[in-house]
file final.txt (compact mmCIF, C-alpha atoms)
# COMPACT_ATOMS: atom_id res chain seq x y z
CA MET A 7 69.47 115.80 35.80
CA SER A 8 71.69 112.75 35.88
CA ARG A 9 70.74 109.47 37.56
CA GLN A 10 73.31 110.15 40.27
CA GLN A 11 71.94 113.66 40.87
CA ALA A 12 68.40 112.35 41.08
CA ASN A 13 69.29 109.68 43.60
CA SER A 14 71.27 112.08 45.79
CA THR A 15 68.64 114.81 46.05
CA SER A 16 65.40 113.00 46.91
CA SER A 17 63.93 113.85 43.51
CA THR A 18 61.38 111.95 41.52
CA ARG A 19 62.51 108.62 40.11
CA PRO A 20 65.28 108.92 37.51
CA GLY A 21 63.92 109.78 34.09
CA ALA A 22 60.57 111.06 35.39
CA VAL A 23 60.83 114.57 33.97
CA LEU A 24 57.73 116.59 34.79
CA THR A 25 55.96 118.59 32.10
CA GLU A 26 53.62 121.57 32.20
CA ARG A 27 50.72 119.09 32.30
CA THR A 28 51.93 117.24 35.39
CA PRO A 29 49.43 118.00 38.20
CA ARG A 30 52.07 119.29 40.64
CA VAL A 31 53.48 121.64 38.01
CA ALA A 32 49.99 122.78 37.01
CA ALA A 33 49.19 123.46 40.67
CA ALA A 34 52.41 125.43 41.09
CA ARG A 35 51.58 127.46 37.98
CA GLN A 36 48.48 128.73 39.80
CA LEU A 37 50.86 130.46 42.21
CA THR A 38 51.90 132.92 39.51
CA ARG A 39 48.56 134.65 40.16
CA ARG A 40 47.65 136.43 43.36
CA GLN A 41 44.35 134.61 43.75
CA GLY A 42 46.11 131.27 43.50
CA ARG A 43 48.78 132.32 45.99
CA ASP A 44 46.27 133.52 48.53
CA ARG A 45 44.14 130.41 48.14
CA ALA A 46 47.09 128.04 48.64
CA ASP A 47 48.98 130.28 51.10
CA ARG A 48 52.10 129.56 49.04
CA PHE A 49 54.24 131.34 46.46
CA LEU A 50 57.12 130.73 44.07
CA ALA A 51 60.70 131.84 44.61
CA GLU A 52 62.63 131.73 41.34
CA GLY A 53 66.36 131.90 40.77
CA ALA A 54 69.38 130.57 42.62
CA GLN A 55 69.69 133.46 45.07
CA ALA A 56 66.03 133.47 46.05
CA VAL A 57 65.97 129.69 46.41
CA ARG A 58 69.14 129.74 48.50
CA GLU A 59 67.57 132.25 50.89
CA ALA A 60 64.33 130.26 50.96
CA LEU A 61 66.20 127.12 51.99
CA ALA A 62 68.02 129.02 54.77
CA TRP A 63 64.69 130.51 55.90
CA ALA A 64 63.16 127.03 56.08
CA ALA A 65 66.22 125.62 57.86
CA ASP A 66 65.77 128.28 60.56
CA GLY A 67 62.22 127.07 61.12
CA ARG A 68 60.60 130.29 59.91
CA GLY A 69 58.63 128.65 57.11
CA GLN A 70 58.53 125.68 54.79
CA VAL A 71 59.78 124.96 51.30
CA HIS A 72 57.51 122.29 49.87
CA GLU A 73 59.21 121.40 46.59
CA LEU A 74 62.06 122.43 44.35
CA PHE A 75 61.56 122.35 40.58
CA VAL A 76 64.69 122.38 38.44
CA THR A 77 65.56 121.96 34.78
CA GLU A 78 68.41 119.74 33.67
CA VAL A 79 70.57 122.73 32.79
CA ALA A 80 69.86 124.51 36.09
CA ALA A 81 70.56 121.31 38.02
CA GLY A 82 74.06 121.24 36.61
CA ARG A 83 74.65 124.82 37.69
CA ASN A 84 73.16 124.59 41.18
CA GLN A 85 74.31 121.35 42.75
CA ASP A 86 74.66 123.06 46.14
CA LEU A 87 70.97 123.91 46.16
CA LEU A 88 69.96 120.39 45.16
CA HIS A 89 72.06 118.83 47.90
CA ALA A 90 70.78 121.31 50.50
CA ALA A 91 67.18 120.59 49.53
CA GLY A 92 67.78 116.84 49.53
CA ALA A 93 69.46 116.97 52.94
CA ALA A 94 66.43 118.84 54.29
CA GLY A 95 64.05 116.23 52.90
CA ILE A 96 62.57 118.60 50.34
CA ARG A 97 61.34 116.96 47.15
CA VAL A 98 63.41 117.93 44.11
CA SER A 99 61.70 117.43 40.76
CA GLU A 100 63.19 117.81 37.31
CA ILE A 101 60.97 119.72 34.88
CA THR A 102 61.14 120.51 31.21
CA GLU A 103 62.22 123.92 29.94
CA ARG A 104 58.65 124.55 28.83
CA ALA A 105 57.35 123.76 32.29
CA ALA A 106 59.90 126.18 33.75
CA GLU A 107 58.65 128.88 31.40
CA GLY A 108 55.14 128.38 32.76
CA LEU A 109 56.37 128.86 36.33
CA SER A 110 58.39 131.96 35.51
CA GLU A 111 57.43 135.57 34.97
CA THR A 112 60.73 136.43 33.29
CA VAL A 113 61.70 136.42 29.63
CA THR A 114 64.62 134.10 30.39
CA PRO A 115 63.66 131.64 33.18
CA GLN A 116 66.48 130.59 35.49
CA GLY A 117 65.15 127.05 35.73
CA VAL A 118 65.16 126.69 39.52
CA ILE A 119 61.94 127.41 41.44
CA ALA A 120 60.93 126.73 45.03
CA VAL A 121 57.35 126.36 46.26
CA CYS A 122 57.29 128.14 49.63
CA ASP A 123 54.93 129.08 52.41
CA GLN A 124 53.99 132.75 52.22
CA VAL A 125 56.28 134.98 54.25
CA GLU A 126 53.75 137.44 55.64
CA VAL A 127 53.31 137.86 59.38
CA SER A 128 50.61 139.74 61.25
CA LEU A 129 50.89 143.48 61.74
CA ALA A 130 51.24 142.91 65.48
CA ASP A 131 54.10 140.45 64.98
CA ALA A 132 55.89 142.75 62.54
CA LEU A 133 55.82 145.58 65.08
CA ALA A 134 56.60 143.49 68.17
CA GLY A 135 59.72 144.03 70.21
CA SER A 136 60.10 147.83 70.12
CA PRO A 137 61.14 148.32 66.49
CA LYS A 138 63.44 151.23 65.67
CA LEU A 139 63.11 151.44 61.91
CA VAL A 140 60.21 150.34 59.71
CA ALA A 141 59.46 150.94 56.03
CA VAL A 142 55.79 151.37 55.10
CA LEU A 143 54.89 151.04 51.42
CA VAL A 144 51.63 152.86 50.65
CA GLY A 145 49.85 152.26 47.36
CA ILE A 146 52.93 151.09 45.47
CA ALA A 147 51.74 149.17 42.42
CA ASP A 148 55.03 148.39 40.69
CA PRO A 149 56.40 145.05 41.96
CA GLY A 150 59.98 145.88 40.98
CA ASN A 151 59.90 149.08 43.03
CA ALA A 152 58.30 147.33 46.01
CA GLY A 153 60.81 144.48 45.96
CA THR A 154 63.74 146.87 45.68
CA VAL A 155 62.52 148.84 48.70
CA VAL A 156 62.30 145.57 50.67
CA ARG A 157 65.92 144.91 49.67
CA VAL A 158 66.95 148.43 50.70
CA ALA A 159 65.15 148.14 54.04
CA ASP A 160 66.89 144.83 54.69
CA ALA A 161 70.28 146.32 53.84
CA ALA A 162 69.68 149.33 56.10
CA GLY A 163 68.85 147.04 59.02
CA ALA A 164 65.16 147.88 59.23
CA ASP A 165 63.09 145.84 61.65
CA ALA A 166 60.11 145.29 59.33
CA VAL A 167 58.41 146.25 56.10
CA ILE A 168 54.67 146.85 55.92
CA PHE A 169 52.61 146.85 52.72
CA ALA A 170 49.69 149.23 53.29
CA GLY A 171 46.58 150.00 51.27
CA ASP A 172 46.27 149.00 47.63
CA THR A 173 49.89 147.89 47.32
CA VAL A 174 51.28 145.10 45.17
CA ASP A 175 51.52 141.61 46.68
CA VAL A 176 54.93 140.96 48.24
CA HIS A 177 54.73 137.43 46.81
CA ASN A 178 54.45 138.69 43.24
CA GLY A 179 57.23 137.04 41.22
CA LYS A 180 58.79 140.33 40.11
CA CYS A 181 58.68 141.66 43.67
CA VAL A 182 60.37 138.54 45.05
CA ARG A 183 63.10 138.71 42.40
CA ALA A 184 63.71 142.43 42.95
CA SER A 185 64.19 141.77 46.66
CA THR A 186 67.02 139.31 45.83
CA GLY A 187 65.97 137.11 48.73
CA SER A 188 65.32 139.87 51.28
CA VAL A 189 61.67 138.83 51.57
CA PHE A 190 63.01 135.90 53.62
CA HIS A 191 65.11 138.06 55.96
CA LEU A 192 62.83 140.44 57.83
CA PRO A 193 59.21 140.52 58.99
CA ILE A 194 56.78 141.61 56.28
CA ALA A 195 53.14 142.43 56.99
CA ARG A 196 50.27 143.52 54.77
CA SER A 197 47.08 145.43 55.55
CA ARG A 198 44.69 147.03 53.09
CA ASP A 199 43.61 149.46 55.80
CA THR A 200 46.29 152.16 55.77
CA ALA A 201 44.78 153.94 58.76
CA THR A 202 45.15 150.76 60.81
CA VAL A 203 48.80 150.51 59.80
CA LEU A 204 49.50 154.10 60.84
CA GLN A 205 47.72 153.58 64.16
CA ALA A 206 49.70 150.40 64.81
CA CYS A 207 52.98 152.16 64.05
CA ALA A 208 52.08 155.02 66.36
CA ALA A 209 51.10 152.55 69.10
CA ALA A 210 54.54 150.96 68.68
CA GLU A 211 55.97 154.42 69.50
CA LEU A 212 57.28 154.97 65.99
CA ARG A 213 57.46 158.50 64.63
CA LEU A 214 55.60 158.67 61.32
CA VAL A 215 57.81 160.34 58.72
CA ALA A 216 56.53 160.64 55.15
CA ALA A 217 58.87 161.05 52.21
CA ASP A 218 57.56 163.66 49.77
CA GLY A 219 59.48 165.70 47.24
CA ASN A 220 57.04 168.62 47.31
CA THR A 221 57.50 169.69 50.91
CA ASP A 222 59.85 172.39 52.19
CA ALA A 223 61.46 170.50 55.09
CA ASP A 224 64.41 168.40 54.04
CA LEU A 225 66.20 165.34 55.31
CA ASP A 226 69.55 167.03 55.94
CA ALA A 227 68.06 169.66 58.24
CA ALA A 228 66.09 167.03 60.13
CA GLU A 229 69.25 164.98 60.61
CA ASP A 230 71.13 168.05 61.84
CA ARG A 231 68.39 168.63 64.42
CA GLY A 232 68.71 165.06 65.66
CA GLU A 233 65.18 164.13 64.61
CA LEU A 234 66.16 160.98 62.74
CA ALA A 235 67.55 159.23 65.81
CA ALA A 236 64.03 158.56 67.09
CA PRO A 237 62.31 155.24 66.30
CA THR A 238 60.80 155.86 62.88
CA ALA A 239 58.30 154.45 60.42
CA TRP A 240 59.14 155.86 57.00
CA LEU A 241 56.11 156.21 54.73
CA PHE A 242 56.80 155.80 51.00
CA GLY A 243 54.30 156.25 48.17
CA SER A 244 54.33 155.32 44.51
CA GLU A 245 56.53 157.08 41.98
CA ALA A 246 53.48 158.13 39.99
CA HIS A 247 51.34 159.55 42.80
CA GLY A 248 53.54 159.85 45.88
CA VAL A 249 52.26 159.47 49.42
CA PRO A 250 48.45 160.00 49.53
CA SER A 251 47.31 163.33 50.97
CA GLU A 252 45.48 161.70 53.88
CA VAL A 253 48.66 159.84 54.85
CA LEU A 254 50.72 163.04 54.63
CA ALA A 255 48.18 164.67 56.95
CA ALA A 256 48.50 161.83 59.46
CA ALA A 257 52.31 161.88 59.51
CA ASP A 258 54.25 163.49 62.34
CA THR A 259 56.48 165.15 59.78
CA VAL A 260 57.03 165.22 56.02
CA LEU A 261 60.55 165.39 54.59
CA LYS A 262 62.11 165.56 51.16
CA VAL A 263 65.48 164.31 50.02
CA PRO A 264 67.31 167.50 49.01
CA ILE A 265 68.37 167.72 45.37
CA HIS A 266 71.71 169.52 45.19
CA GLY A 267 72.26 169.04 41.48
CA ALA A 268 70.17 169.46 38.36
CA ALA A 269 68.23 166.18 38.59
CA GLU A 270 64.47 166.65 38.61
CA SER A 271 63.86 163.95 41.21
CA LEU A 272 64.96 160.59 42.58
CA ASN A 273 63.22 157.29 41.88
CA LEU A 274 61.41 155.57 44.71
CA ALA A 275 64.07 153.01 45.59
CA THR A 276 66.88 155.57 45.62
CA ALA A 277 64.90 157.97 47.79
CA ALA A 278 63.99 155.12 50.16
CA ALA A 279 67.65 154.13 50.42
CA VAL A 280 68.70 157.67 51.30
CA CYS A 281 65.95 158.03 53.92
CA LEU A 282 66.37 154.65 55.57
CA TYR A 283 70.15 154.89 55.72
CA ALA A 284 69.95 158.41 57.18
CA SER A 285 67.76 157.07 59.99
CA ALA A 286 69.90 153.97 60.48
CA ARG A 287 73.05 156.10 60.71
CA ALA A 288 71.48 158.53 63.19
CA GLN A 289 70.13 155.71 65.34
CA ARG A 290 73.46 153.89 65.44
CA ARG A 291 75.30 157.08 66.29
CA THR A 292 72.95 157.69 69.19
CA ALA A 293 73.28 154.08 70.39
CA ARG A 294 77.06 154.44 70.60

call {"tool": "encode", "arguments": {"input": "final.txt", "output": "structure tokens"}}
result
Amino acid sequence: MSRQQANSTSSTRPGAVLTERTPRVAAARQLTRRQGRDRADRFLAEGAQAVREALAWAADGRGQVHELFVTEVAAGRNQDLLHAAGAAGIRVSEITERAAEGLSETVTPQGVIAVCDQVEVSLADALAGSPKLVAVLVGIADPGNAGTVVRVADAAGADAVIFAGDTVDVHNGKCVRASTGSVFHLPIARSRDTATVLQACAAAELRLVAADGNTDADLDAAEDRGELAAPTAWLFGSEAHGVPSEVLAAADTVLKVPIHGAAESLNLATAAAVCLYASARAQRRTAR
């Protein structure tokens, strides 16, 4: 980072490049683990897109970005982010490449990392305001899958995403990256008690629809019958195990995405996209 860049972005004093041993960097490194994130109530957003969305989220007053770490190379590539952070009074600190590696969970760190408040809201807040479309992730362990479903839900115009049961942390670095910034766009709640989540969705007058490839009823037929126009909470399970049997039993209906070709199945994110967009399309058609 040049002297001029440092002065214009409220960074540390020129030449004060932070290393992996610097206390603030060491503290931020604790946020790569779930225990550290939960203890500090903060997480790391890595990469230009995620940081850009984090800064917009903070500017809207929905949370706080506490610090921006950036390598010299990344600073040259992301001047807009540095100026936006500086204008918002957010500390910008240059770090070494090695320090960036310690804050990253990728093979090739992007060199720009924001320390942010956690994005989670309460279950009640996520379901406030008569939601029409909600994605519920049940027992999904893979952070890439979970983050991609958050991205899909955001794109489909869902009102909220809920992480239920023993599901990966939404603040996991891989999950945040897979969401491409969508974790900052819509309400996200987490509850380890799946039954409580289902009860809350039902109380919000959402129809519980589970996605399961082993059932007979399919999405196309349900759409033809007009069932997808109702306010809906879609229940998605892991690719390995699917939606748990007790959740299937609690659902109002269970639907599969029909396979018209020779493919054995769809991956979780693709199936979620088909389901959520089918509901979004039906709801918008009804609203018109």

call {"tool": "closest_residue", "arguments": {"input": "final.txt", "among": "A:Trp63, A:Trp240, A:Phe75, A:Tyr283", "to": "Pro193 of chain A", "atoms": "all atoms listed in the file"}}
result
A:Trp63

call {"tool": "residues_around", "arguments": {"input": "final.txt", "residues": "segment 157-170 of chain A", "least_positions_apart": "4", "cutoff": "8 Å", "atoms": "all atoms listed in the file", "output": "MDAnalysis selection string"}}
result
chainID A and resid 129 132:133 137:145 153 174 176 184:189 191:200 203 275 278:279 282:283 286

call {"tool": "write_last_selection", "arguments": {"input": "final.txt", "atoms": "C-alpha atoms", "output": "PDB file, in the coordinates of the input"}}
result
ATOM      1  CA  LEU A 129      50.890 143.480  61.740  1.00  0.00           C
ATOM      2  CA  ALA A 132      55.890 142.750  62.540  1.00  0.00           C
ATOM      3  CA  LEU A 133      55.820 145.580  65.080  1.00  0.00           C
ATOM      4  CA  PRO A 137      61.140 148.320  66.490  1.00  0.00           C
ATOM      5  CA  LYS A 138      63.440 151.230  65.670  1.00  0.00           C
ATOM      6  CA  LEU A 139      63.110 151.440  61.910  1.00  0.00           C
ATOM      7  CA  VAL A 140      60.210 150.340  59.710  1.00  0.00           C
ATOM      8  CA  ALA A 141      59.460 150.940  56.030  1.00  0.00           C
ATOM      9  CA  VAL A 142      55.790 151.370  55.100  1.00  0.00           C
ATOM     10  CA  LEU A 143      54.890 151.040  51.420  1.00  0.00           C
ATOM     11  CA  VAL A 144      51.630 152.860  50.650  1.00  0.00           C
ATOM     12  CA  GLY A 145      49.850 152.260  47.360  1.00  0.00           C
ATOM     13  CA  GLY A 153      60.810 144.480  45.960  1.00  0.00           C
ATOM     14  CA  VAL A 174      51.280 145.100  45.170  1.00  0.00           C
ATOM     15  CA  VAL A 176      54.930 140.960  48.240  1.00  0.00           C
ATOM     16  CA  ALA A 184      63.710 142.430  42.950  1.00  0.00           C
ATOM     17  CA  SER A 185      64.190 141.770  46.660  1.00  0.00           C
ATOM     18  CA  THR A 186      67.020 139.310  45.830  1.00  0.00           C
ATOM     19  CA  GLY A 187      65.970 137.110  48.730  1.00  0.00           C
ATOM     20  CA  SER A 188      65.320 139.870  51.280  1.00  0.00           C
ATOM     21  CA  VAL A 189      61.670 138.830  51.570  1.00  0.00           C
ATOM     22  CA  HIS A 191      65.110 138.060  55.960  1.00  0.00           C
ATOM     23  CA  LEU A 192      62.830 140.440  57.830  1.00  0.00           C
ATOM     24  CA  PRO A 193      59.210 140.520  58.990  1.00  0.00           C
ATOM     25  CA  ILE A 194      56.780 141.610  56.280  1.00  0.00           C
ATOM     26  CA  ALA A 195      53.140 142.430  56.990  1.00  0.00           C
ATOM     27  CA  ARG A 196      50.270 143.520  54.770  1.00  0.00           C
ATOM     28  CA  SER A 197      47.080 145.430  55.550  1.00  0.00           C
ATOM     29  CA  ARG A 198      44.690 147.030  53.090  1.00  0.00           C
ATOM     30  CA  ASP A 199      43.610 149.460  55.800  1.00  0.00           C
ATOM     31  CA  THR A 200      46.290 152.160  55.770  1.00  0.00           C
ATOM     32  CA  VAL A 203      48.800 150.510  59.800  1.00  0.00           C
ATOM     33  CA  ALA A 275      64.070 153.010  45.590  1.00  0.00           C
ATOM     34  CA  ALA A 278      63.990 155.120  50.160  1.00  0.00           C
ATOM     35  CA  ALA A 279      67.650 154.130  50.420  1.00  0.00           C
ATOM     36  CA  LEU A 282      66.370 154.650  55.570  1.00  0.00           C
ATOM     37  CA  TYR A 283      70.150 154.890  55.720  1.00  0.00           C
ATOM     38  CA  ALA A 286      69.900 153.970  60.480  1.00  0.00           C
TER      39      ALA A 286
END

call {"tool": "residues_near_point", "arguments": {"input": "final.txt", "point": "(60.2, 161.4, 44.9)", "cutoff": "9 Å", "atoms": "all atoms listed in the file", "output": "PyMOL selection string"}}
result
chain A and resi 217-220+242-246+248+262-263+271-274+276-277

call {"tool": "closest_residue", "arguments": {"input": "final.txt", "among": "A:Ile119, A:Val79, A:Val113, A:Cys181", "to": "Gly53 of chain A", "atoms": "only C-alpha atoms"}}
result
A:Ile119

call {"tool": "closest_atom_pairs", "arguments": {"input": "final.txt", "of": "segment 136-226 of chain A", "to": "segment 26-45 of chain A", "cutoff": "8 Å", "atoms": "only C-alpha atoms", "output": "Markdown table"}}
result
| residue | atom | partner | partner_atom | distance |
| --- | --- | --- | --- | --- |
| A:Asp175 | CA | A:Arg40 | CA | 7.3 |
| A:His177 | CA | A:Arg43 | CA | 7.9 |
| A:Asn178 | CA | A:Arg40 | CA | 7.2 |
| A:Gly179 | CA | A:Thr38 | CA | 7.0 |

call {"tool": "atom_distance", "arguments": {"input": "final.txt", "atom1": "atom CA of Ile265 of chain A", "atom2": "atom CA of Gly232 of chain A"}}
result
20.5 Å

call {"tool": "closest_residue", "arguments": {"input": "final.txt", "among": "A:Ala239, A:Ala227, A:Val182, A:Val23", "to": "Ala120 of chain A", "atoms": "only C-alpha atoms"}}
result
A:Val182

call {"tool": "residues_around", "arguments": {"input": "final.txt", "residues": "Ile96 of chain A", "least_positions_apart": "3", "cutoff": "8 Å", "atoms": "only C-alpha atoms", "output": "list of chain:residue names"}}
result
A:Ser16, A:Val71, A:His72, A:Glu73, A:Leu74, A:Ala91, A:Gly92, A:Ala93

call {"tool": "atom_distance", "arguments": {"input": "final.txt", "atom1": "atom CA of Arg58 of chain A", "atom2": "atom CA of Arg104 of chain A"}}
result
22.9 Å

call {"tool": "closest_residue", "arguments": {"input": "final.txt", "among": "A:Gln205, A:Thr221, A:Gln116, A:Gln124", "to": "Pro264 of chain A", "atoms": "only C-alpha atoms"}}
result
A:Thr221

call {"tool": "closest_residue", "arguments": {"input": "final.txt", "among": "A:Val280, A:Ala257, A:Leu88, A:Val118", "to": "Ala201 of chain A", "atoms": "only C-alpha atoms"}}
result
A:Ala257
